[in-house]
$ cat data.cif   # mmCIF, C-alpha atoms
data_work
loop_
_atom_site.label_atom_id
_atom_site.label_comp_id
_atom_site.auth_asym_id
_atom_site.auth_seq_id
_atom_site.Cartn_x
_atom_site.Cartn_y
_atom_site.Cartn_z
CA MET A 299 -9.36 2.02 -31.32
CA GLU A 300 -10.13 5.75 -31.31
CA LEU A 301 -7.13 8.08 -30.89
CA ILE A 302 -7.23 10.82 -28.26
CA ALA A 303 -4.74 13.47 -29.39
CA SER A 304 -5.64 16.43 -27.20
CA PRO A 305 -5.00 16.86 -23.45
CA GLN A 306 -8.25 18.86 -23.42
CA ASN A 307 -10.30 15.74 -24.10
CA PRO A 308 -12.87 15.25 -21.28
CA LYS A 309 -11.64 11.72 -20.58
CA ILE A 310 -8.08 12.99 -20.08
CA LYS A 311 -9.25 15.88 -17.92
CA ASN A 312 -11.05 13.33 -15.76
CA VAL A 313 -7.89 11.23 -15.37
CA ILE A 314 -6.08 14.35 -14.18
CA ARG A 315 -8.83 15.02 -11.62
CA LEU A 316 -8.48 11.44 -10.37
CA LEU A 317 -4.73 11.86 -10.09
CA GLU A 318 -4.99 15.07 -8.11
CA LYS A 319 -8.03 14.71 -5.85
CA ALA A 320 -8.88 12.01 -3.32
CA SER A 321 -12.46 13.30 -3.34
CA GLU A 322 -12.77 12.49 -7.06
CA ARG A 323 -11.33 9.01 -6.55
CA LYS A 324 -13.82 8.38 -3.77
CA GLU A 325 -16.82 9.80 -5.65
CA GLN A 326 -16.07 7.94 -8.88
CA ASN A 327 -14.76 4.80 -7.11
CA LEU A 328 -11.75 4.76 -9.42
CA THR A 329 -8.00 5.12 -9.12
CA VAL A 330 -5.21 5.65 -11.65
CA VAL A 331 -2.60 2.93 -12.20
CA GLU A 332 0.35 3.42 -14.53
CA GLY A 333 2.55 0.64 -15.89
CA GLU A 334 2.01 -2.85 -17.29
CA ARG A 335 3.47 -4.62 -14.24
CA GLU A 336 1.25 -2.69 -11.82
CA ILE A 337 -1.87 -3.22 -13.94
CA GLU A 338 -1.19 -6.95 -14.22
CA LEU A 339 -0.69 -7.20 -10.43
CA ALA A 340 -4.07 -5.56 -9.93
CA LEU A 341 -5.79 -7.88 -12.40
CA ARG A 342 -4.12 -10.93 -10.85
CA ALA A 343 -5.52 -9.85 -7.47
CA GLY A 344 -9.04 -9.62 -8.86
CA TYR A 345 -9.35 -5.86 -9.33
CA LYS A 346 -11.67 -4.67 -12.10
CA LEU A 347 -10.07 -2.82 -15.01
CA HIS A 348 -12.44 0.02 -15.89
CA THR A 349 -10.56 1.83 -18.70
CA LEU A 350 -7.15 1.53 -20.36
CA PHE A 351 -5.23 4.30 -22.16
CA ILE A 352 -2.47 3.11 -24.50
CA CYS A 353 0.30 5.16 -26.09
CA LYS A 354 1.37 2.83 -28.90
CA GLU A 355 4.47 4.90 -29.55
CA LEU A 356 5.75 3.70 -26.15
CA HIS A 357 3.93 0.36 -25.99
CA PRO A 358 3.71 -1.25 -29.46
CA ALA A 359 3.71 -4.83 -28.11
CA PRO A 360 0.44 -6.76 -27.68
CA LEU A 361 -1.14 -6.80 -24.23
CA ASN A 362 -1.43 -9.80 -21.93
CA PHE A 363 -4.97 -8.76 -21.00
CA SER A 364 -8.10 -7.54 -22.79
CA PRO A 365 -9.64 -4.37 -21.38
CA GLU A 366 -13.34 -3.73 -21.84
CA HIS A 367 -12.82 -0.03 -22.60
CA SER A 368 -9.58 1.19 -24.19
CA TRP A 369 -8.37 4.32 -25.91
CA GLU A 370 -5.23 5.04 -27.87
CA ILE A 371 -3.57 8.29 -26.78
CA SER A 372 -0.84 10.40 -28.30
CA LYS A 373 2.57 10.87 -26.66
CA VAL A 374 1.56 14.44 -25.77
CA VAL A 375 -1.53 13.18 -23.96
CA PHE A 376 0.35 10.35 -22.27
CA ASP A 377 2.93 12.79 -20.91
CA LYS A 378 0.07 14.77 -19.40
CA ILE A 379 -1.29 11.86 -17.35
CA ALA A 380 1.87 9.79 -16.70
CA TYR A 381 3.45 10.10 -13.25
CA ARG A 382 6.24 7.49 -13.20
CA GLU A 383 9.87 7.95 -14.19
CA ASN A 384 10.11 4.72 -16.22
CA ARG A 385 7.18 4.94 -18.59
CA ASP A 386 5.82 2.11 -20.73
CA GLY A 387 2.81 3.78 -22.33
CA LEU A 388 -0.03 2.31 -20.25
CA VAL A 389 -2.37 4.11 -17.85
CA ALA A 390 -5.44 2.41 -16.42
CA LEU A 391 -8.46 3.31 -14.35
CA ILE A 392 -9.11 0.54 -11.82
CA VAL A 393 -11.95 0.02 -9.35
CA PRO A 394 -10.61 -0.09 -5.76
CA LYS A 395 -11.38 -2.91 -3.33
CA LYS A 396 -12.65 -2.34 0.19
CA LEU A 397 -11.34 -5.26 2.22
CA ARG A 398 -12.61 -5.66 5.80
CA LEU A 399 -10.91 -7.25 8.79
CA GLN A 400 -13.30 -10.20 8.64
CA ASP A 401 -12.32 -10.74 4.99
CA LEU A 402 -8.65 -11.38 5.80
CA LYS A 403 -7.33 -14.86 5.11
CA LEU A 404 -4.63 -15.71 7.65
CA SER A 405 -1.97 -18.38 7.75
CA SER A 406 -1.65 -20.74 10.73
CA ASN A 407 1.02 -18.44 12.20
CA PRO A 408 0.14 -14.94 11.03
CA PHE A 409 2.37 -11.90 10.95
CA ILE A 410 0.82 -8.48 10.39
CA ILE A 411 1.96 -4.88 9.99
CA VAL A 412 -0.26 -2.28 11.68
CA LEU A 413 0.21 1.37 10.68
CA GLU A 414 -1.38 4.17 12.67
CA ALA A 415 -2.17 7.52 11.01
CA VAL A 416 0.24 6.96 8.12
CA GLU A 417 0.49 10.27 6.26
CA LYS A 418 3.11 10.02 3.50
CA PRO A 419 2.20 8.05 0.34
CA GLY A 420 5.87 7.27 -0.29
CA ASN A 421 6.30 5.66 3.13
CA LEU A 422 3.12 3.63 2.73
CA GLY A 423 4.23 2.42 -0.68
CA ALA A 424 7.64 1.41 0.62
CA ILE A 425 6.06 -0.51 3.52
CA LEU A 426 3.79 -2.34 1.09
CA ARG A 427 6.90 -3.40 -0.87
CA THR A 428 8.38 -4.78 2.35
CA ALA A 429 5.13 -6.60 3.13
CA ASP A 430 5.15 -8.23 -0.29
CA ALA A 431 8.86 -9.13 -0.12
CA ALA A 432 8.39 -10.85 3.24
CA HIS A 433 5.05 -12.35 2.15
CA ILE A 434 3.34 -11.39 5.40
CA ASP A 435 -0.36 -12.00 6.04
CA ALA A 436 -1.77 -8.49 5.96
CA VAL A 437 -1.28 -4.76 6.43
CA ILE A 438 -3.81 -2.97 8.64
CA ILE A 439 -3.95 0.80 8.30
CA CYS A 440 -5.62 2.59 11.22
CA ASP A 441 -7.01 6.11 10.91
CA PRO A 442 -4.91 6.97 7.82
CA GLN A 443 -4.01 10.54 6.90
CA THR A 444 -3.51 9.65 3.24
CA ASP A 445 -5.74 7.98 0.66
CA LEU A 446 -4.85 4.29 0.28
CA TYR A 447 -5.46 4.54 -3.47
CA ASN A 448 -3.38 7.67 -3.97
CA PRO A 449 -1.48 7.01 -7.24
CA ASN A 450 1.75 7.87 -5.42
CA VAL A 451 1.14 4.93 -3.04
CA ILE A 452 0.81 2.66 -6.07
CA ARG A 453 3.87 4.17 -7.76
CA SER A 454 6.19 4.03 -4.74
CA GLY A 455 4.93 0.55 -3.88
CA ILE A 456 5.42 -0.66 -7.48
CA GLY A 457 1.94 -2.13 -7.36
CA CYS A 458 2.32 -3.97 -4.05
CA LEU A 459 -0.92 -2.39 -2.89
CA PHE A 460 -2.49 -5.09 -5.07
CA SER A 461 -0.31 -8.02 -4.00
CA ASN A 462 -1.02 -7.58 -0.27
CA GLN A 463 -4.15 -7.91 1.84
CA VAL A 464 -4.70 -4.33 3.01
CA VAL A 465 -7.46 -3.19 5.35
CA VAL A 466 -8.34 0.34 6.49
CA CYS A 467 -10.11 0.58 9.85
CA THR A 468 -10.07 2.38 13.19
CA SER A 469 -7.53 1.62 15.91
CA ASP A 470 -10.28 0.27 18.16
CA GLU A 471 -11.44 -2.13 15.46
CA ALA A 472 -7.89 -3.35 14.85
CA ILE A 473 -7.14 -3.83 18.57
CA ASN A 474 -10.31 -5.83 19.14
CA TRP A 475 -9.78 -7.99 16.04
CA LEU A 476 -6.14 -8.75 16.89
CA ARG A 477 -7.17 -9.81 20.39
CA GLN A 478 -9.91 -12.05 19.03
CA LYS A 479 -7.35 -13.73 16.76
CA ASN A 480 -4.84 -14.12 19.63
CA ILE A 481 -2.23 -12.13 17.74
CA ARG A 482 0.33 -10.52 20.05
CA THR A 483 0.97 -6.83 19.35
CA TYR A 484 4.35 -5.12 19.56
CA ALA A 485 4.31 -1.32 19.52
CA ALA A 486 7.44 0.33 18.14
CA ALA A 487 8.28 3.10 20.63
CA LEU A 488 11.29 4.97 22.00
CA THR A 489 9.93 4.30 25.50
CA ALA A 490 10.32 0.53 25.06
CA THR A 491 12.57 -1.45 27.38
CA HIS A 492 12.99 -4.38 24.96
CA PHE A 493 14.97 -4.34 21.73
CA TYR A 494 13.17 -5.84 18.73
CA HIS A 495 15.47 -8.86 18.54
CA GLU A 496 14.82 -9.77 22.18
CA VAL A 497 11.12 -10.64 21.77
CA ASN A 498 9.46 -13.68 20.24
CA LEU A 499 8.20 -12.68 16.80
CA ALA A 500 7.96 -16.33 15.74
CA GLN A 501 4.50 -16.57 17.35
CA PRO A 502 1.37 -14.97 15.83
CA SER A 503 2.41 -11.31 15.95
CA ALA A 504 1.76 -7.80 14.73
CA VAL A 505 4.22 -4.89 14.75
CA VAL A 506 2.54 -1.53 15.23
CA MET A 507 4.16 1.54 13.69
CA GLY A 508 3.33 5.22 14.22
CA THR A 509 4.17 8.41 12.38
CA GLU A 510 7.71 9.74 12.18
CA ALA A 511 6.67 13.04 13.71
CA THR A 512 4.79 11.89 16.81
CA GLY A 513 5.08 8.10 16.97
CA LEU A 514 2.19 6.00 18.23
CA SER A 515 -0.80 7.35 20.11
CA ASN A 516 -1.29 6.62 23.80
CA LYS A 517 -4.06 4.21 22.84
CA TRP A 518 -1.66 1.88 21.05
CA LEU A 519 1.11 2.33 23.63
CA GLN A 520 -1.32 1.30 26.36
CA GLU A 521 -3.20 -1.43 24.51
CA ALA A 522 -0.26 -3.22 22.85
CA ASP A 523 1.02 -6.39 24.52
CA ASP A 524 4.61 -5.11 24.52
CA GLN A 525 6.79 -2.27 23.26
CA ILE A 526 9.96 -2.73 21.23
CA LYS A 527 12.66 -0.47 19.82
CA ILE A 528 15.63 -0.54 17.48
CA PRO A 529 19.04 0.19 19.02
CA MET A 530 20.14 3.67 17.96
CA ARG A 531 23.90 4.18 18.19
CA GLY A 532 24.20 7.59 16.57
CA GLN A 533 23.04 11.08 17.45
CA ILE A 534 19.49 10.79 16.10
CA ASP A 535 16.83 8.77 17.88
CA SER A 536 14.72 7.45 15.01
CA LEU A 537 14.70 6.03 11.48
CA ASN A 538 12.36 6.54 8.56
CA VAL A 539 9.19 4.56 9.35
CA SER A 540 9.47 2.41 6.24
CA THR A 541 13.07 1.52 7.12
CA SER A 542 12.12 0.72 10.72
CA THR A 543 9.25 -1.44 9.54
CA ALA A 544 11.52 -3.40 7.20
CA ILE A 545 13.97 -4.09 10.04
CA LEU A 546 11.24 -5.43 12.33
CA VAL A 547 9.52 -7.46 9.62
CA PHE A 548 12.66 -9.24 8.49
CA GLU A 549 13.70 -9.95 12.07
CA ALA A 550 10.37 -11.76 12.37
CA MET A 551 11.07 -13.63 9.14
CA ARG A 552 14.56 -14.56 10.42
CA GLN A 553 13.07 -15.92 13.65
CA ARG A 554 10.64 -17.95 11.56
CA GLY A 555 13.39 -19.39 9.39
CA PHE A 556 12.08 -17.42 6.41
CA LYS A 557 9.18 -19.87 6.10
#

$ encode --input "data.cif" --output "structure tokens"
Amino acid sequence: MELIASPQNPKIKNVIRLLEKASERKEQNLTVVEGEREIELALRAGYKLHTLFICKELHPAPLNFSPEHSWEISKVVFDKIAYRENRDGLVALIVPKKLRLQDLKLSSNPFIIVLEAVEKPGNLGAILRTADAAHIDAVIICDPQTDLYNPNVIRSGIGCLFSNQVVVCTSDEAINWLRQKNIRTYAAALTATHFYHEVNLAQPSAVVMGTEATGLSNKWLQEADDQIKIPMRGQIDSLNVSTSTAILVFEAMRQRGFK
């Protein structure tokens, strides 16, 4: 395995471009994934491993997978392309998947998270962790303001981008598909008259979450089957969107007996 010792190597410069620019990720159809756990989650979900960079100083143990293209890199080089706090010496380039609504495989009683115009990679990653923990059917992201394959989404979601079914589409496409599947939609909104624990989330359901700054658009507020809210007993009127999503999701799981 050839050693790359300089951060000026063209392959390393390309990794940095992929880390920094959504346009590069889109053009090259590649994203950067750091960490053995995250890489294994991607491979388990059927993602293609394009290239692997290994810092043997940090990862001397044998791998559980065999990459087609791999390069050994020095600690100096690894530090240039690593973006996690807990580093294990592995950085991979992986080919993204483009799942469509019609590709989703649903359970007999589906539960779905819908996110409109999500803009912060950290929030999206945290919501994907919640989706994995609750083992919901899918996450639908409508009109996103951030790249789904932003490495910070993968990092903050500890690889749960790969363990969930995630679709990116327009709000109109999502609304029409949910209606076709007879999935009842609950829009999280301050204008709601029902609290989240007062509605029936044990039936086929989707919770629809907006941005922290502006909430949901009028389209979703008008098209959703119902609106729900979380009781706020303090002086502020909202929670972080990932926290709010977790509360609603696990209320649904409670109503379903965690089955």

$ residues_around --input "data.cif" --residues "Leu459 of chain A" --least-positions-apart "3" --cutoff "9 Å" --atoms "all atoms listed in the file" --output "NGL selection string"
:A and (339-340 or 423 or 426-427 or 430 or 446-447 or 451-452 or 455-456 or 462-464)

$ closest_residue --input "data.cif" --among "A:Leu399, A:Ile314, A:Leu404, A:Ala544" --to "Trp475 of chain A" --atoms "all atoms listed in the file"
A:Leu399

$ atom_distance --input "data.cif" --atom1 "atom CA of Pro365 of chain A" --atom2 "atom CA of Val331 of chain A"
13.7 Å

$ residues_around --input "data.cif" --residues "Thr512 of chain A" --least-positions-apart "3" --cutoff "12 Å" --atoms "all atoms listed in the file" --output "list in words"
Glu414, Ala415, Val416, Glu417, Ala486, Ala487, Leu488, Met507, Gly508, Thr509, Ser515, Asn516, Ser536 and Val539 of chain A

$ closest_residue --input "data.cif" --among "A:Leu341, A:Cys353, A:Leu519, A:Val375" --to "Leu388 of chain A" --atoms "only C-alpha atoms"
A:Cys353

$ closest_residue --input "data.cif" --among "A:Glu471, A:Glu322, A:Asp523, A:Asp401" --to "Val506 of chain A" --atoms "all atoms listed in the file"
A:Asp523

$ resolve_selection --input "data.cif" --expression "the PyMOL selection byres ((chain A and resi 390) around 9)" --output "list of chain:residue names"
A:Thr329, A:Val330, A:Val331, A:Glu332, A:Gly333, A:Ile337, A:Leu347, A:His348, A:Thr349, A:Leu350, A:Phe351, A:Ile352, A:Ser368, A:Leu388, A:Val389, A:Leu391, A:Ile392

$ decode --input "data.cif" --residues "segment 390-527 of chain A" --atoms "C-alpha atoms" --output "JSON list (two decimals), in the first residue's frame"
[["chain", "number", "residue", "atom", "x", "y", "z"],
["A", 390, "ALA", "CA", -13.38, 6.93, 3.19],
["A", 391, "LEU", "CA", -14.90, 8.28, 0.01],
["A", 392, "ILE", "CA", -18.35, 6.75, -0.48],
["A", 393, "VAL", "CA", -20.81, 6.98, -3.37],
["A", 394, "PRO", "CA", -24.12, 8.51, -2.18],
["A", 395, "LYS", "CA", -27.51, 6.88, -2.78],
["A", 396, "LYS", "CA", -30.47, 8.71, -4.25],
["A", 397, "LEU", "CA", -33.53, 7.05, -2.76],
["A", 398, "ARG", "CA", -36.96, 8.03, -4.13],
["A", 399, "LEU", "CA", -40.33, 8.01, -2.42],
["A", 400, "GLN", "CA", -41.42, 5.02, -4.50],
["A", 401, "ASP", "CA", -38.33, 3.13, -3.30],
["A", 402, "LEU", "CA", -39.33, 3.30, 0.37],
["A", 403, "LYS", "CA", -40.15, 0.00, 2.06],
["A", 404, "LEU", "CA", -42.81, 0.59, 4.71],
["A", 405, "SER", "CA", -44.01, -1.50, 7.62],
["A", 406, "SER", "CA", -47.69, -2.37, 8.04],
["A", 407, "ASN", "CA", -48.08, 0.61, 10.40],
["A", 408, "PRO", "CA", -45.56, 3.21, 9.23],
["A", 409, "PHE", "CA", -44.22, 6.16, 11.15],
["A", 410, "ILE", "CA", -42.30, 8.85, 9.29],
["A", 411, "ILE", "CA", -40.44, 12.07, 10.07],
["A", 412, "VAL", "CA", -40.89, 14.87, 7.54],
["A", 413, "LEU", "CA", -38.46, 17.81, 7.68],
["A", 414, "GLU", "CA", -39.11, 20.99, 5.73],
["A", 415, "ALA", "CA", -36.21, 23.24, 4.68],
["A", 416, "VAL", "CA", -33.81, 21.81, 7.26],
["A", 417, "GLU", "CA", -30.75, 24.06, 7.27],
["A", 418, "LYS", "CA", -28.34, 22.98, 10.03],
["A", 419, "PRO", "CA", -26.28, 19.80, 9.46],
["A", 420, "GLY", "CA", -26.04, 19.23, 13.22],
["A", 421, "ASN", "CA", -29.81, 19.24, 13.65],
["A", 422, "LEU", "CA", -30.30, 16.89, 10.71],
["A", 423, "GLY", "CA", -27.69, 14.50, 12.08],
["A", 424, "ALA", "CA", -29.30, 14.50, 15.52],
["A", 425, "ILE", "CA", -32.73, 13.80, 14.01],
["A", 426, "LEU", "CA", -31.29, 10.88, 12.05],
["A", 427, "ARG", "CA", -29.94, 9.46, 15.33],
["A", 428, "THR", "CA", -33.44, 9.71, 16.80],
["A", 429, "ALA", "CA", -34.91, 8.03, 13.71],
["A", 430, "ASP", "CA", -32.48, 5.14, 14.05],
["A", 431, "ALA", "CA", -33.00, 4.81, 17.81],
["A", 432, "ALA", "CA", -36.77, 4.59, 17.37],
["A", 433, "HIS", "CA", -36.40, 2.41, 14.25],
["A", 434, "ILE", "CA", -38.96, 4.44, 12.30],
["A", 435, "ASP", "CA", -39.80, 3.74, 8.66],
["A", 436, "ALA", "CA", -38.26, 6.73, 6.91],
["A", 437, "VAL", "CA", -37.14, 10.35, 7.01],
["A", 438, "ILE", "CA", -38.42, 12.60, 4.22],
["A", 439, "ILE", "CA", -36.54, 15.86, 3.71],
["A", 440, "CYS", "CA", -38.45, 18.49, 1.74],
["A", 441, "ASP", "CA", -36.71, 21.40, 0.02],
["A", 442, "PRO", "CA", -33.54, 21.13, 2.16],
["A", 443, "GLN", "CA", -31.22, 24.07, 2.75],
["A", 444, "THR", "CA", -28.26, 21.81, 3.49],
["A", 445, "ASP", "CA", -26.61, 18.99, 1.56],
["A", 446, "LEU", "CA", -27.79, 15.60, 2.83],
["A", 447, "TYR", "CA", -24.28, 14.21, 2.37],
["A", 448, "ASN", "CA", -22.52, 17.06, 4.15],
["A", 449, "PRO", "CA", -19.82, 15.32, 6.25],
["A", 450, "ASN", "CA", -21.12, 17.20, 9.30],
["A", 451, "VAL", "CA", -24.50, 15.46, 8.87],
["A", 452, "ILE", "CA", -22.69, 12.12, 8.90],
["A", 453, "ARG", "CA", -20.53, 13.12, 11.87],
["A", 454, "SER", "CA", -23.33, 14.51, 14.06],
["A", 455, "GLY", "CA", -25.56, 11.58, 13.12],
["A", 456, "ILE", "CA", -22.78, 9.05, 13.89],
["A", 457, "GLY", "CA", -23.51, 7.39, 10.57],
["A", 458, "CYS", "CA", -27.28, 7.13, 10.98],
["A", 459, "LEU", "CA", -27.68, 8.67, 7.55],
["A", 460, "PHE", "CA", -26.82, 5.17, 6.36],
["A", 461, "SER", "CA", -29.02, 3.20, 8.77],
["A", 462, "ASN", "CA", -32.23, 5.06, 7.85],
["A", 463, "GLN", "CA", -34.28, 5.29, 4.68],
["A", 464, "VAL", "CA", -33.86, 8.95, 3.72],
["A", 465, "VAL", "CA", -35.51, 10.64, 0.75],
["A", 466, "VAL", "CA", -35.09, 14.21, -0.52],
["A", 467, "CYS", "CA", -38.04, 15.62, -2.46],
["A", 468, "THR", "CA", -40.33, 18.63, -2.75],
["A", 469, "SER", "CA", -43.12, 19.35, -0.27],
["A", 470, "ASP", "CA", -45.73, 18.75, -2.97],
["A", 471, "GLU", "CA", -44.27, 15.34, -3.76],
["A", 472, "ALA", "CA", -44.23, 14.38, -0.08],
["A", 473, "ILE", "CA", -47.80, 15.56, 0.54],
["A", 474, "ASN", "CA", -49.15, 13.64, -2.44],
["A", 475, "TRP", "CA", -47.24, 10.47, -1.56],
["A", 476, "LEU", "CA", -48.32, 10.53, 2.10],
["A", 477, "ARG", "CA", -51.95, 10.90, 1.03],
["A", 478, "GLN", "CA", -51.64, 8.02, -1.41],
["A", 479, "LYS", "CA", -50.28, 5.84, 1.40],
["A", 480, "ASN", "CA", -53.05, 6.95, 3.81],
["A", 481, "ILE", "CA", -50.49, 8.25, 6.29],
["A", 482, "ARG", "CA", -51.92, 10.94, 8.56],
["A", 483, "THR", "CA", -49.76, 14.06, 8.86],
["A", 484, "TYR", "CA", -49.24, 16.06, 12.05],
["A", 485, "ALA", "CA", -47.62, 19.47, 11.63],
["A", 486, "ALA", "CA", -45.68, 20.74, 14.63],
["A", 487, "ALA", "CA", -46.79, 24.36, 15.08],
["A", 488, "LEU", "CA", -47.26, 26.95, 17.82],
["A", 489, "THR", "CA", -50.72, 27.64, 16.38],
["A", 490, "ALA", "CA", -51.89, 24.10, 17.16],
["A", 491, "THR", "CA", -54.82, 23.51, 19.49],
["A", 492, "HIS", "CA", -53.84, 19.91, 20.32],
["A", 493, "PHE", "CA", -50.88, 18.83, 22.42],
["A", 494, "TYR", "CA", -48.78, 16.04, 20.92],
["A", 495, "HIS", "CA", -49.86, 13.48, 23.52],
["A", 496, "GLU", "CA", -53.55, 14.09, 22.79],
["A", 497, "VAL", "CA", -53.53, 12.73, 19.22],
["A", 498, "ASN", "CA", -53.41, 9.17, 17.94],
["A", 499, "LEU", "CA", -49.87, 8.51, 16.75],
["A", 500, "ALA", "CA", -50.42, 4.75, 16.92],
["A", 501, "GLN", "CA", -51.99, 4.82, 13.44],
["A", 502, "PRO", "CA", -49.94, 5.29, 10.24],
["A", 503, "SER", "CA", -48.52, 8.76, 10.90],
["A", 504, "ALA", "CA", -45.96, 11.36, 9.96],
["A", 505, "VAL", "CA", -44.76, 14.27, 12.11],
["A", 506, "VAL", "CA", -43.81, 17.32, 10.08],
["A", 507, "MET", "CA", -41.13, 19.64, 11.46],
["A", 508, "GLY", "CA", -40.09, 23.09, 10.24],
["A", 509, "THR", "CA", -37.09, 25.31, 10.84],
["A", 510, "GLU", "CA", -36.34, 26.82, 14.24],
["A", 511, "ALA", "CA", -36.37, 30.32, 12.80],
["A", 512, "THR", "CA", -39.66, 30.36, 10.91],
["A", 513, "GLY", "CA", -41.39, 27.03, 11.57],
["A", 514, "LEU", "CA", -43.40, 25.33, 8.84],
["A", 515, "SER", "CA", -44.56, 27.00, 5.65],
["A", 516, "ASN", "CA", -48.21, 27.81, 5.07],
["A", 517, "LYS", "CA", -48.35, 24.93, 2.60],
["A", 518, "TRP", "CA", -47.69, 22.35, 5.31],
["A", 519, "LEU", "CA", -49.84, 24.13, 7.90],
["A", 520, "GLN", "CA", -52.76, 24.06, 5.46],
["A", 521, "GLU", "CA", -52.21, 20.62, 3.95],
["A", 522, "ALA", "CA", -51.44, 18.63, 7.13],
["A", 523, "ASP", "CA", -54.27, 16.60, 8.64],
["A", 524, "ASP", "CA", -53.75, 18.15, 12.07],
["A", 525, "GLN", "CA", -51.42, 20.43, 14.02],
["A", 526, "ILE", "CA", -49.76, 19.53, 17.31],
["A", 527, "LYS", "CA", -47.54, 21.28, 19.82]]
